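Visitor: Following this line is query-v3.cif, made up of mmCIF, C-alpha atoms:
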```
data_run
#
loop_
_atom_site.label_atom_id
_atom_site.label_comp_id
_atom_site.auth_asym_id
_atom_site.auth_seq_id
_atom_site.Cartn_x
_atom_site.Cartn_y
_atom_site.Cartn_z
CA MET A 250 -108.75 46.57 141.94
CA PHE A 251 -110.82 44.26 139.71
CA ALA A 252 -114.42 45.21 138.86
CA ALA A 253 -115.86 42.35 140.94
CA GLU A 254 -113.88 43.38 144.03
CA ARG A 255 -114.79 47.02 143.53
CA ARG A 256 -118.49 46.29 143.21
CA GLN A 257 -118.47 44.07 146.28
CA LEU A 258 -116.88 46.89 148.30
CA ILE A 259 -119.46 49.36 146.96
CA LEU A 260 -122.28 47.02 147.93
CA GLU A 261 -120.87 46.54 151.43
CA MET A 262 -120.62 50.32 151.93
CA VAL A 263 -124.21 50.88 150.85
CA ARG A 264 -125.45 48.04 153.07
CA ALA A 265 -123.55 49.45 156.03
CA ASN A 266 -124.69 53.06 155.58
CA GLY A 267 -128.01 52.79 153.75
CA ALA A 268 -126.99 55.56 151.34
CA VAL A 269 -123.58 56.66 150.03
CA SER A 270 -122.64 59.42 147.59
CA LEU A 271 -120.77 58.63 144.37
CA ARG A 272 -118.01 60.94 145.49
CA GLU A 273 -117.48 58.97 148.71
CA LEU A 274 -117.64 55.64 146.88
CA ALA A 275 -115.03 56.82 144.40
CA ARG A 276 -112.77 57.96 147.22
CA VAL A 277 -112.95 54.66 149.09
CA VAL A 278 -112.46 52.38 146.08
CA GLN A 279 -109.86 54.80 144.65
CA THR A 280 -111.30 55.24 141.20
CA SER A 281 -113.22 57.85 139.20
CA GLU A 282 -116.89 58.73 139.68
CA VAL A 283 -117.50 57.65 136.08
CA THR A 284 -116.28 54.13 136.92
CA VAL A 285 -118.27 54.04 140.15
CA ARG A 286 -121.40 55.15 138.30
CA ARG A 287 -120.93 52.25 135.89
CA ASP A 288 -120.51 49.83 138.81
CA VAL A 289 -123.65 51.18 140.51
CA ARG A 290 -125.65 50.68 137.31
CA ALA A 291 -124.47 47.07 137.16
CA LEU A 292 -125.42 46.45 140.79
CA GLU A 293 -128.81 48.07 140.23
CA ALA A 294 -129.43 45.76 137.25
CA GLU A 295 -128.92 42.84 139.63
CA GLY A 296 -131.42 44.32 142.09
CA LEU A 297 -128.80 44.79 144.81
CA LEU A 298 -129.16 48.57 145.21
CA ASP A 299 -130.98 51.59 143.80
CA ARG A 300 -129.40 54.57 142.10
CA ARG A 301 -130.19 58.10 143.23
CA HIS A 302 -128.86 61.37 141.84
CA GLY A 303 -125.33 61.59 143.15
CA GLY A 304 -125.37 58.31 145.08
CA ALA A 305 -126.64 54.81 145.75
CA VAL A 306 -129.13 53.51 148.32
CA LEU A 307 -130.48 50.19 149.46
CA PRO A 308 -133.44 49.03 147.36
CA GLY A 309 -136.85 49.98 148.64
CA GLY A 310 -138.62 52.22 146.14
CA PHE A 311 -141.05 54.95 147.22
CA THR A 312 -141.42 53.85 150.83
CA ARG A 313 -137.81 53.46 151.92
CA GLU A 314 -136.32 56.26 154.00
CA SER A 315 -132.71 56.41 155.16
CA GLY A 316 -132.10 57.30 158.79
CA PHE A 317 -130.26 60.39 159.97
CA PRO A 318 -126.77 58.79 160.10
CA GLN A 319 -127.08 57.73 156.45
CA LYS A 320 -128.49 61.05 155.23
CA SER A 321 -125.80 63.04 157.01
CA HIS A 322 -123.14 61.49 154.75
CA LEU A 323 -124.89 62.39 151.47
CA ALA A 324 -123.98 65.59 149.59
CA THR A 325 -122.45 67.25 152.66
CA ALA A 326 -120.62 70.00 150.75
CA GLU A 327 -123.75 70.79 148.76
CA LYS A 328 -125.89 71.03 151.91
CA THR A 329 -123.40 73.44 153.47
CA ALA A 330 -123.49 75.72 150.42
CA ILE A 331 -127.30 75.59 150.31
CA ALA A 332 -127.53 76.50 154.00
CA ASP A 333 -125.20 79.48 153.50
CA LEU A 334 -127.37 80.85 150.70
CA ALA A 335 -130.67 80.14 152.47
CA ALA A 336 -129.51 81.98 155.59
CA SER A 337 -129.01 85.13 153.49
CA LEU A 338 -132.79 85.26 152.99
CA VAL A 339 -133.37 85.77 156.73
CA GLU A 340 -133.21 89.20 158.35
CA GLU A 341 -132.89 90.31 161.95
CA GLY A 342 -136.10 90.17 163.96
CA GLU A 343 -137.95 87.71 161.72
CA ALA A 344 -140.01 84.73 162.81
CA VAL A 345 -139.57 81.58 160.72
CA VAL A 346 -140.36 77.89 160.90
CA VAL A 347 -137.67 75.32 160.15
CA GLY A 348 -138.57 71.70 159.43
CA ALA A 349 -136.61 68.55 160.16
CA GLY A 350 -133.69 67.34 158.04
CA THR A 351 -129.94 67.36 157.66
CA THR A 352 -129.99 70.40 155.36
CA THR A 353 -132.22 72.39 157.70
CA GLN A 354 -129.91 71.48 160.56
CA GLU A 355 -127.08 73.13 158.63
CA LEU A 356 -129.30 76.16 158.10
CA ALA A 357 -130.03 76.37 161.83
CA ARG A 358 -126.32 76.59 162.61
CA ARG A 359 -126.17 79.72 160.47
CA LEU A 360 -129.39 81.21 161.82
CA ALA A 361 -127.75 81.16 165.25
CA ARG A 362 -125.71 84.19 164.12
CA ILE A 363 -128.76 86.34 163.30
CA PRO A 364 -130.02 88.30 166.34
CA GLY A 365 -133.66 88.80 167.20
CA LEU A 366 -134.98 85.69 165.45
CA THR A 367 -137.84 83.52 166.56
CA VAL A 368 -137.49 79.99 165.17
CA VAL A 369 -140.36 77.52 165.39
CA THR A 370 -139.35 73.92 164.76
CA ASN A 371 -140.36 70.29 165.27
CA SER A 372 -136.72 69.15 164.97
CA LEU A 373 -134.60 68.35 168.01
CA LEU A 374 -131.49 68.78 165.87
CA VAL A 375 -132.53 72.27 164.74
CA ALA A 376 -133.33 73.22 168.34
CA GLN A 377 -129.98 71.87 169.51
CA ALA A 378 -128.13 73.93 166.89
CA LEU A 379 -129.85 77.06 168.21
CA ALA A 380 -129.81 76.19 171.92
CA HIS A 381 -126.90 78.48 172.82
CA ALA A 382 -127.55 81.24 170.30
CA ASN A 383 -127.75 84.69 171.82
CA ARG A 384 -130.96 86.60 171.13
CA VAL A 385 -132.59 83.74 169.22
CA GLU A 386 -135.83 82.43 170.67
CA VAL A 387 -136.61 78.78 169.91
CA VAL A 388 -140.21 77.55 170.01
CA MET A 389 -140.69 73.78 169.78
CA THR A 390 -143.86 72.01 168.77
CA GLY A 391 -145.34 69.25 170.85
CA GLY A 392 -145.76 65.76 169.49
CA THR A 393 -144.27 62.29 169.52
CA LEU A 394 -140.55 61.81 168.91
CA ARG A 395 -139.65 60.02 165.70
CA GLY A 396 -136.22 58.61 166.38
CA SER A 397 -135.03 58.09 162.81
CA ASN A 398 -134.81 61.84 162.15
CA TYR A 399 -135.16 63.30 165.67
CA ALA A 400 -138.40 65.08 164.78
CA LEU A 401 -141.65 65.60 166.67
CA VAL A 402 -144.65 64.33 164.72
CA GLY A 403 -148.30 63.43 165.22
CA SER A 404 -151.41 65.33 166.25
CA GLY A 405 -149.64 67.11 169.12
CA ALA A 406 -147.16 68.69 166.72
CA GLU A 407 -149.85 69.68 164.24
CA GLN A 408 -152.15 71.18 166.86
CA SER A 409 -149.37 73.31 168.33
CA LEU A 410 -148.96 74.97 164.92
CA GLN A 411 -152.59 76.04 164.61
CA GLY A 412 -153.05 79.81 164.64
CA LEU A 413 -149.33 80.40 164.04
CA ARG A 414 -148.15 82.87 161.38
CA VAL A 415 -144.53 83.53 160.37
CA THR A 416 -142.81 85.12 157.39
CA ARG A 417 -141.43 81.94 155.82
CA ALA A 418 -140.96 78.22 156.24
CA PHE A 419 -137.73 76.39 155.39
CA LEU A 420 -138.38 72.75 154.53
CA SER A 421 -136.48 69.82 153.13
CA GLY A 422 -137.66 66.37 152.08
CA SER A 423 -136.78 63.11 150.36
CA GLY A 424 -137.53 64.18 146.80
CA LEU A 425 -138.59 67.10 144.61
CA THR A 426 -140.27 67.05 141.21
CA ALA A 427 -142.06 69.70 139.16
CA GLU A 428 -145.07 67.39 138.86
CA ARG A 429 -145.70 66.70 142.56
CA GLY A 430 -143.50 69.15 144.43
CA LEU A 431 -141.76 68.17 147.66
CA SER A 432 -142.35 64.68 149.03
CA THR A 433 -141.20 62.35 151.79
CA SER A 434 -141.37 58.64 152.58
CA ASN A 435 -143.12 58.95 155.95
CA MET A 436 -146.78 59.81 156.41
CA LEU A 437 -146.40 61.42 159.86
CA SER A 438 -143.52 63.63 158.73
CA ALA A 439 -145.48 64.70 155.66
CA SER A 440 -148.47 65.70 157.77
CA VAL A 441 -146.40 67.90 160.08
CA ASP A 442 -144.61 69.51 157.13
CA ARG A 443 -147.99 70.43 155.64
CA ALA A 444 -148.91 72.11 158.94
CA LEU A 445 -145.63 74.05 158.85
CA VAL A 446 -146.49 75.26 155.34
CA GLN A 447 -149.89 76.54 156.52
CA ALA A 448 -148.15 78.70 159.13
CA ALA A 449 -145.92 80.55 156.66
CA ALA A 450 -146.45 83.37 154.19
CA GLU A 451 -143.68 81.98 151.98
CA VAL A 452 -142.28 78.46 151.51
CA VAL A 453 -138.58 77.94 150.82
CA VAL A 454 -137.48 74.41 149.91
CA LEU A 455 -133.89 73.35 150.54
CA ALA A 456 -132.92 70.44 148.29
CA ASP A 457 -129.56 69.41 146.88
CA HIS A 458 -129.35 68.14 143.30
CA THR A 459 -129.51 64.47 144.40
CA LYS A 460 -133.18 65.02 145.32
CA LEU A 461 -134.21 66.66 142.05
CA GLY A 462 -136.35 64.34 139.98
CA THR A 463 -136.83 61.93 142.89
CA ASP A 464 -140.44 61.16 143.84
CA THR A 465 -141.44 59.54 147.12
CA MET A 466 -144.70 58.35 148.60
CA PHE A 467 -146.24 61.29 150.47
CA GLN A 468 -146.55 64.78 149.04
CA THR A 469 -145.73 67.55 151.51
CA VAL A 470 -145.69 70.76 149.44
CA PRO A 471 -147.28 70.93 145.97
CA THR A 472 -145.27 72.87 143.42
CA ASP A 473 -147.67 75.81 143.28
CA LEU A 474 -147.07 76.51 146.99
CA ILE A 475 -143.26 76.56 146.70
CA SER A 476 -142.05 80.16 146.45
CA ARG A 477 -138.34 79.41 146.24
CA LEU A 478 -135.97 76.51 145.81
CA VAL A 479 -132.44 76.79 147.17
CA THR A 480 -130.26 74.11 145.61
CA ASP A 481 -126.75 73.47 144.34
CA GLU A 482 -125.68 73.35 140.72
CA PRO A 483 -126.18 69.89 139.18
CA PRO A 484 -123.08 68.20 137.74
CA ALA A 485 -122.60 68.65 134.01
CA HIS A 486 -123.64 65.05 133.29
CA ASP A 487 -126.85 65.25 135.35
CA ASP A 488 -129.34 66.11 132.62
CA ARG A 489 -132.29 64.91 134.67
CA ALA A 490 -131.64 67.35 137.52
CA ALA A 491 -131.10 70.23 135.07
CA THR A 492 -134.34 69.38 133.28
CA GLU A 493 -136.21 69.25 136.60
CA LEU A 494 -134.86 72.69 137.55
CA GLN A 495 -136.14 74.13 134.29
CA ALA A 496 -139.54 72.50 134.78
CA LEU A 497 -139.80 73.92 138.31
CA ALA A 498 -138.93 77.39 137.00
CA ASP A 499 -141.57 77.04 134.28
CA GLN A 500 -144.14 76.46 137.02
CA GLY A 501 -143.18 79.65 138.84
CA VAL A 502 -140.60 78.56 141.41
CA GLN A 503 -137.74 81.02 141.93
CA ILE A 504 -134.48 79.09 141.77
CA ALA A 505 -131.48 80.10 143.89
CA VAL A 506 -128.35 78.12 143.06
CA ALA A 507 -125.57 77.98 145.64
CA GLY A 508 -122.16 78.47 144.10
CA ALA A 509 -123.49 79.33 140.63
CA VAL A 510 -122.48 82.28 138.48
CA ALA A 511 -125.10 84.12 136.47
CA GLY A 512 -124.45 84.05 132.70
CA GLY A 513 -123.48 87.27 130.98
CA ALA A 514 -123.13 88.11 127.31
CA GLY A 515 -122.74 84.98 125.27
CA GLY A 516 -124.08 82.75 128.02
CA SER A 517 -122.09 80.07 129.84
CA ALA A 518 -121.74 76.39 129.12
CA GLY A 519 -122.62 73.62 131.50
CA GLY A 520 -125.54 75.36 133.19
CA VAL A 521 -129.31 75.44 132.93
CA SER A 522 -130.19 77.90 130.23
CA GLY A 523 -133.48 79.06 128.85
CA GLY A 524 -132.39 82.21 127.03
CA ALA A 525 -131.51 82.71 123.41
CA ALA A 526 -127.95 81.95 122.35
CA GLY A 527 -125.65 84.90 122.85
CA THR A 528 -127.82 86.63 125.45
CA GLY A 529 -127.02 84.68 128.61
CA SER A 530 -130.61 85.30 129.70
CA GLY A 531 -131.77 83.04 132.49
CA SER A 532 -128.57 80.99 132.63
CA VAL A 533 -127.22 79.18 135.63
CA ALA A 534 -123.62 78.29 135.06
CA GLY A 535 -120.17 77.33 136.42
CA ALA A 536 -119.47 76.75 140.10
CA GLY A 537 -117.20 78.88 142.18
CA GLY A 538 -119.14 82.14 142.38
CA SER A 539 -122.11 83.20 144.42
CA GLY A 540 -125.74 82.80 143.53
CA GLY A 541 -127.42 85.77 141.89
CA GLU A 542 -130.53 86.81 140.01
CA VAL A 543 -130.34 86.86 136.25
CA HIS A 544 -131.99 89.73 134.40
CA PRO A 545 -132.35 89.99 130.61
CA ALA A 546 -129.40 92.37 130.32
CA GLY A 547 -127.12 90.01 132.25
CA ARG A 548 -127.27 92.10 135.46
CA GLN A 549 -126.78 90.09 138.64
CA SER A 550 -128.40 90.83 141.98
CA ARG A 551 -127.57 89.23 145.29
CA ARG A 552 -129.85 86.27 145.82
CA ASP A 553 -132.10 84.46 143.41
CA VAL A 554 -131.47 82.86 140.05
CA PRO A 555 -134.93 82.64 138.50
CA LEU A 556 -134.90 80.55 135.36
CA PRO A 557 -137.15 81.52 132.44
CA GLY A 558 -140.75 80.39 132.35
CA GLN A 559 -144.30 81.50 133.04
CA ARG A 560 -145.14 82.44 136.61
CA ARG A 561 -148.35 81.46 138.35
CA THR A 562 -151.50 83.01 136.99
CA HIS A 563 -152.69 84.46 140.31
CA ALA A 564 -149.71 86.86 140.57
CA ALA A 565 -150.08 90.61 140.19
CA GLY A 566 -150.27 92.18 136.74
CA PRO A 567 -147.19 93.39 134.82
CA GLY A 568 -145.39 96.50 135.89
CA PRO A 569 -144.20 99.28 133.59
CA GLY A 570 -141.87 98.00 130.89
CA GLN A 571 -142.32 94.38 131.92
CA GLY A 572 -145.18 93.18 129.84
CA PRO A 573 -144.94 90.92 126.80
CA GLY A 574 -142.92 92.42 124.00
CA ASN A 575 -141.04 94.86 126.27
CA GLY A 576 -138.06 92.58 126.89
CA GLY A 577 -138.79 92.28 130.62
CA PRO A 578 -138.76 89.05 132.56
CA GLY A 579 -142.47 89.21 133.35
CA PRO A 580 -144.25 90.57 136.43
CA GLN A 581 -143.56 87.65 138.71
CA LEU A 582 -139.76 87.27 138.44
CA ARG A 583 -139.09 89.23 141.60
CA SER A 584 -135.95 89.21 143.70
CA ALA A 585 -135.92 88.25 147.37
CA ALA A 586 -135.57 91.90 148.32
CA ALA A 587 -138.64 92.81 146.27
CA SER A 588 -140.63 90.04 147.89
CA LEU A 589 -139.70 91.27 151.35
CA ALA A 590 -140.55 94.84 150.47
CA ALA A 591 -143.95 93.75 149.17
CA GLN A 592 -145.04 92.23 152.47
CA GLU A 593 -148.01 93.98 154.02
CA PRO A 594 -147.53 95.85 157.32
CA GLY A 595 -150.05 93.52 158.96
CA GLU A 596 -147.76 90.59 158.25
CA ARG A 597 -144.89 92.22 160.12
CA ALA A 598 -147.24 93.03 163.00
CA ARG A 599 -148.29 89.40 163.33
CA VAL A 600 -144.66 88.33 163.38
CA ALA A 601 -143.85 90.86 166.09
CA ASP A 602 -146.83 89.65 168.09
CA LEU A 603 -145.57 86.07 167.87
CA ARG A 604 -142.20 87.08 169.33
CA ARG A 605 -143.83 88.92 172.23
CA ARG A 606 -145.85 85.83 173.09
#
```
Could I get this file's structure written as structure tokens?
Guide:
Amino acid sequence: MFAAERRQLILEMVRANGAVSLRELARVVQTSEVTVRRDVRALEAEGLLDRRHGGAVLPGGFTRESGFPQKSHLATAEKTAIADLAASLVEEGEAVVVGAGTTTQELARRLARIPGLTVVTNSLLVAQALAHANRVEVVMTGGTLRGSNYALVGSGAEQSLQGLRVTRAFLSGSGLTAERGLSTSNMLSASVDRALVQAAAEVVVLADHTKLGTDTMFQTVPTDLISRLVTDEPPAHDDRAATELQALADQGVQIAVAGAVAGGAGGSAGGVSGGAAGTGSGSVAGAGGSGGEVHPAGRQSRRDVPLPGQRRTHAAGPGPGQGPGNGGPGPQLRSAAASLAAQEPGERARVADLRRR
């Protein structure tokens, strides 16, 4: 297929779907992702489409938002892996809030297997995924239906969240940067997401690598309020996403990478590394394993992969053997299990009270 024919087919696919991943484009035009990426750059130079990490979208800048059918075809394998890892953070009997989005919909399908949950959501798709789950109580907000993403928005949704308190919120969005945090292209969706954040003791952002480094119009969660980011491992050529991950870690966000293997002695190539050569400290590397927490000695625990960097200044003081000069990761690099153990009894009581109501 000649370059002109290939680019015309790429353009027609993007126009038909609004957004298409590079992987899907390469499959349809029967060529490599490297060639497709070159074609997308050429089409972007002509103003016919916009590049995004891992795909191409119709031009529109900060304010354009793809509808649900278009989003559902982007980074599907990555979203599945992210949902699997995010579900491991949830325990029986918890109360959580889950925002709208294709990634959170995947998470909801997995939460349906966890008994005793209470899930508060403004998403019809999340509620539908949980509708037939045994021993899972679904609480929906009020509000006005926004058809493009099947979410309830507006003052009714926000008011129904007042006075609510749950252990954690799982949110997605249109873009994530270390500078502004999570953002979206719609003002009403952003306002509801901010209300969901206020209801949670911990905020977990679900974002595949195509959203890293992307900034959209309305901020929903500033970086200093994001406790964890669950993402997939960026491709080896995606320096921008890897740089953004490091910047987020430097600002105190715990990074959990789906399908990543923690680096051991000598480190691993192709990942996001902040440790000294030969130590493997703080590395996120090769796909194919399961996400884990990296400690200075290369020990891997079951959930988080915190990258190196200073944590937020309002965290508790250093524990024994973890201060500067002692070789420890610093007081704030805590695993998911440690975070859960640190919750105050009153928090658990409020969650239990929510379920009874």
Visitor: Since I can't run it myself right now, could you work out what the PyMOL selection byres ((chain A and resi 342-354) around 8) selects here and report it as a PyMOL selection string?
Guide: chain A and resi 317+320-321+328-329+331-332+339-341+355-358+364-372+374-375+378+398-400+415-422+442+445+449+455-456+600-601+603-604
Visitor: Output the selection as a PDB file, keeping the file's coordinate frame - C-alpha atoms for each residue.
Guide:
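Written out: out-v7.pdb:
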```pdb
ATOM      1  CA  PHE A 317    -130.260  60.390 159.970  1.00  0.00           C
ATOM      2  CA  LYS A 320    -128.490  61.050 155.230  1.00  0.00           C
ATOM      3  CA  SER A 321    -125.800  63.040 157.010  1.00  0.00           C
ATOM      4  CA  LYS A 328    -125.890  71.030 151.910  1.00  0.00           C
ATOM      5  CA  THR A 329    -123.400  73.440 153.470  1.00  0.00           C
ATOM      6  CA  ILE A 331    -127.300  75.590 150.310  1.00  0.00           C
ATOM      7  CA  ALA A 332    -127.530  76.500 154.000  1.00  0.00           C
ATOM      8  CA  VAL A 339    -133.370  85.770 156.730  1.00  0.00           C
ATOM      9  CA  GLU A 340    -133.210  89.200 158.350  1.00  0.00           C
ATOM     10  CA  GLU A 341    -132.890  90.310 161.950  1.00  0.00           C
ATOM     11  CA  GLU A 355    -127.080  73.130 158.630  1.00  0.00           C
ATOM     12  CA  LEU A 356    -129.300  76.160 158.100  1.00  0.00           C
ATOM     13  CA  ALA A 357    -130.030  76.370 161.830  1.00  0.00           C
ATOM     14  CA  ARG A 358    -126.320  76.590 162.610  1.00  0.00           C
ATOM     15  CA  PRO A 364    -130.020  88.300 166.340  1.00  0.00           C
ATOM     16  CA  GLY A 365    -133.660  88.800 167.200  1.00  0.00           C
ATOM     17  CA  LEU A 366    -134.980  85.690 165.450  1.00  0.00           C
ATOM     18  CA  THR A 367    -137.840  83.520 166.560  1.00  0.00           C
ATOM     19  CA  VAL A 368    -137.490  79.990 165.170  1.00  0.00           C
ATOM     20  CA  VAL A 369    -140.360  77.520 165.390  1.00  0.00           C
ATOM     21  CA  THR A 370    -139.350  73.920 164.760  1.00  0.00           C
ATOM     22  CA  ASN A 371    -140.360  70.290 165.270  1.00  0.00           C
ATOM     23  CA  SER A 372    -136.720  69.150 164.970  1.00  0.00           C
ATOM     24  CA  LEU A 374    -131.490  68.780 165.870  1.00  0.00           C
ATOM     25  CA  VAL A 375    -132.530  72.270 164.740  1.00  0.00           C
ATOM     26  CA  ALA A 378    -128.130  73.930 166.890  1.00  0.00           C
ATOM     27  CA  ASN A 398    -134.810  61.840 162.150  1.00  0.00           C
ATOM     28  CA  TYR A 399    -135.160  63.300 165.670  1.00  0.00           C
ATOM     29  CA  ALA A 400    -138.400  65.080 164.780  1.00  0.00           C
ATOM     30  CA  VAL A 415    -144.530  83.530 160.370  1.00  0.00           C
ATOM     31  CA  THR A 416    -142.810  85.120 157.390  1.00  0.00           C
ATOM     32  CA  ARG A 417    -141.430  81.940 155.820  1.00  0.00           C
ATOM     33  CA  ALA A 418    -140.960  78.220 156.240  1.00  0.00           C
ATOM     34  CA  PHE A 419    -137.730  76.390 155.390  1.00  0.00           C
ATOM     35  CA  LEU A 420    -138.380  72.750 154.530  1.00  0.00           C
ATOM     36  CA  SER A 421    -136.480  69.820 153.130  1.00  0.00           C
ATOM     37  CA  GLY A 422    -137.660  66.370 152.080  1.00  0.00           C
ATOM     38  CA  ASP A 442    -144.610  69.510 157.130  1.00  0.00           C
ATOM     39  CA  LEU A 445    -145.630  74.050 158.850  1.00  0.00           C
ATOM     40  CA  ALA A 449    -145.920  80.550 156.660  1.00  0.00           C
ATOM     41  CA  LEU A 455    -133.890  73.350 150.540  1.00  0.00           C
ATOM     42  CA  ALA A 456    -132.920  70.440 148.290  1.00  0.00           C
ATOM     43  CA  VAL A 600    -144.660  88.330 163.380  1.00  0.00           C
ATOM     44  CA  ALA A 601    -143.850  90.860 166.090  1.00  0.00           C
ATOM     45  CA  LEU A 603    -145.570  86.070 167.870  1.00  0.00           C
ATOM     46  CA  ARG A 604    -142.200  87.080 169.330  1.00  0.00           C
TER      47      ARG A 604
END
```
Visitor: Separation of atom CA of Asp481 of chain A and atom CA of Ser270 of chain A, in Å?
Guide: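 Atom CA of Asp481 of chain A sits 15.0 Å away from atom CA of Ser270 of chain A.
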Visitor: Could you list, as a ChimeraX atom specification, every residue within 7 Å of Asp464 of chain A, counting all atoms listed in the file and ignoring same-chain residues fewer than 4 positions away?
Guide: /A:424-426,432
Visitor: Using all atoms listed in the file, which protein or nucleic acid residues come within 9 Å of Glu327 of chain A? Drop anything in the same chain fewer than 6 positions from it, and give the result as a VMD selection string.
Guide: chain A and resid 457 to 458 480 to 482 507
Visitor: Keeping only C-alpha atoms, write the selected residues as an mmCIF file, in the coordinates of the input.
Guide:
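Below is the file result_5.cif, written as the result:
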```
data_model
loop_
_atom_site.group_PDB
_atom_site.id
_atom_site.type_symbol
_atom_site.label_atom_id
_atom_site.label_comp_id
_atom_site.auth_asym_id
_atom_site.auth_seq_id
_atom_site.Cartn_x
_atom_site.Cartn_y
_atom_site.Cartn_z
ATOM 1 C CA ASP A 457 -129.560 69.410 146.880
ATOM 2 C CA HIS A 458 -129.350 68.140 143.300
ATOM 3 C CA THR A 480 -130.260 74.110 145.610
ATOM 4 C CA ASP A 481 -126.750 73.470 144.340
ATOM 5 C CA GLU A 482 -125.680 73.350 140.720
ATOM 6 C CA ALA A 507 -125.570 77.980 145.640
#
```
Visitor: Distance atom CA of Gly405 of chain A-atom CA of Leu437 of chain A, one decimal place?
Guide: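 We find that atom CA of Gly405 of chain A and atom CA of Leu437 of chain A lie 11.3 Å from each other.
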Visitor: For Leu360 of chain A, which residue among A:Ala485, A:Ala380, A:Leu394, A:Ala336 is the nearest when counting all atoms listed in the file?
Guide: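 Checking each candidate against Leu360 of chain A, we get A:Ala336 as the closest.
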Visitor: Which residues match the PyMOL selection byres ((chain A and resi 276-288) around 9) in the file above, as a ChimeraX atom specification?
Guide: /A:250,252,255-256,258-259,271-275,289-293,300,303-304
Visitor: So how many Å separate atom CA of Thr465 of chain A and atom CA of Leu334 of chain A, to one decimal?
Guide: 25.8 Å
Visitor: Which one of A:Ala427, A:Met262, A:Val453, A:Val470 sits closest to Ala439 of chain A if you count all atoms listed in the file?
Guide: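 Using all atoms listed in the file, the shortest distance to Ala439 of chain A belongs to A:Val470.
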Visitor: Show me, as AutoDock Vina command-line options, the centre and edge lengths in Å to one decimal of the axis-aligned box that covers every listed atom of segment 491-495 of chain A with 8 Å on each side.
Guide:
```
--center_x -133.7 --center_y 71.7 --center_z 135.4 --size_x 21.1 --size_y 20.9 --size_z 20.3
```
Visitor: List, as a ChimeraX atom specification, every residue that the PyMOL selection byres ((chain A and resi 410) around 10) selects in the file provided.
Guide: /A:346,369-371,389-391,405-409,411-414,441,444-448
Visitor: Could you dump the residues just selected with C-alpha atoms as a tab-separated table (two decimals), in the coordinates of the input?
Guide:
```tsv
chain	number	residue	atom	x	y	z
A	346	VAL	CA	-140.36	77.89	160.90
A	369	VAL	CA	-140.36	77.52	165.39
A	370	THR	CA	-139.35	73.92	164.76
A	371	ASN	CA	-140.36	70.29	165.27
A	389	MET	CA	-140.69	73.78	169.78
A	390	THR	CA	-143.86	72.01	168.77
A	391	GLY	CA	-145.34	69.25	170.85
A	405	GLY	CA	-149.64	67.11	169.12
A	406	ALA	CA	-147.16	68.69	166.72
A	407	GLU	CA	-149.85	69.68	164.24
A	408	GLN	CA	-152.15	71.18	166.86
A	409	SER	CA	-149.37	73.31	168.33
A	411	GLN	CA	-152.59	76.04	164.61
A	412	GLY	CA	-153.05	79.81	164.64
A	413	LEU	CA	-149.33	80.40	164.04
A	414	ARG	CA	-148.15	82.87	161.38
A	441	VAL	CA	-146.40	67.90	160.08
A	444	ALA	CA	-148.91	72.11	158.94
A	445	LEU	CA	-145.63	74.05	158.85
A	446	VAL	CA	-146.49	75.26	155.34
A	447	GLN	CA	-149.89	76.54	156.52
A	448	ALA	CA	-148.15	78.70	159.13
```
Visitor: Of the candidates A:Glu261, A:Glu295, A:Glu451, A:Asp473, which shows the shortest atom-to-atom distance to Leu431 of chain A, using all atoms listed in the file?
Guide: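 The shortest atom-to-atom distance to Leu431 of chain A comes from A:Asp473.
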Visitor: Mind filling out segment 325-331 of chain A with N, CA, C and O atoms and sending it as a PDB file, in the coordinates of the input?
Guide:
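Output below, filename rebuild_38.pdb:
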```
ATOM      1  N   THR A 325    -122.719  66.360 151.527  1.00  0.00           N
ATOM      2  CA  THR A 325    -122.450  67.250 152.660  1.00  0.00           C
ATOM      3  C   THR A 325    -121.980  68.628 152.218  1.00  0.00           C
ATOM      4  O   THR A 325    -122.418  69.648 152.770  1.00  0.00           O
ATOM      5  N   ALA A 326    -121.099  68.698 151.228  1.00  0.00           N
ATOM      6  CA  ALA A 326    -120.620  70.000 150.750  1.00  0.00           C
ATOM      7  C   ALA A 326    -121.753  70.799 150.133  1.00  0.00           C
ATOM      8  O   ALA A 326    -121.856  72.021 150.327  1.00  0.00           O
ATOM      9  N   GLU A 327    -122.618  70.118 149.402  1.00  0.00           N
ATOM     10  CA  GLU A 327    -123.750  70.790 148.760  1.00  0.00           C
ATOM     11  C   GLU A 327    -124.714  71.356 149.805  1.00  0.00           C
ATOM     12  O   GLU A 327    -125.216  72.485 149.668  1.00  0.00           O
ATOM     13  N   LYS A 328    -124.973  70.578 150.854  1.00  0.00           N
ATOM     14  CA  LYS A 328    -125.890  71.030 151.910  1.00  0.00           C
ATOM     15  C   LYS A 328    -125.331  72.263 152.620  1.00  0.00           C
ATOM     16  O   LYS A 328    -126.081  73.177 152.991  1.00  0.00           O
ATOM     17  N   THR A 329    -124.028  72.285 152.828  1.00  0.00           N
ATOM     18  CA  THR A 329    -123.400  73.440 153.470  1.00  0.00           C
ATOM     19  C   THR A 329    -123.570  74.694 152.617  1.00  0.00           C
ATOM     20  O   THR A 329    -123.919  75.764 153.129  1.00  0.00           O
ATOM     21  N   ALA A 330    -123.335  74.577 151.317  1.00  0.00           N
ATOM     22  CA  ALA A 330    -123.490  75.720 150.420  1.00  0.00           C
ATOM     23  C   ALA A 330    -124.944  76.195 150.365  1.00  0.00           C
ATOM     24  O   ALA A 330    -125.220  77.400 150.347  1.00  0.00           O
ATOM     25  N   ILE A 331    -125.869  75.249 150.340  1.00  0.00           N
ATOM     26  CA  ILE A 331    -127.300  75.590 150.310  1.00  0.00           C
ATOM     27  C   ILE A 331    -127.686  76.336 151.587  1.00  0.00           C
ATOM     28  O   ILE A 331    -128.417  77.337 151.550  1.00  0.00           O
TER      29      ILE A 331
END
```
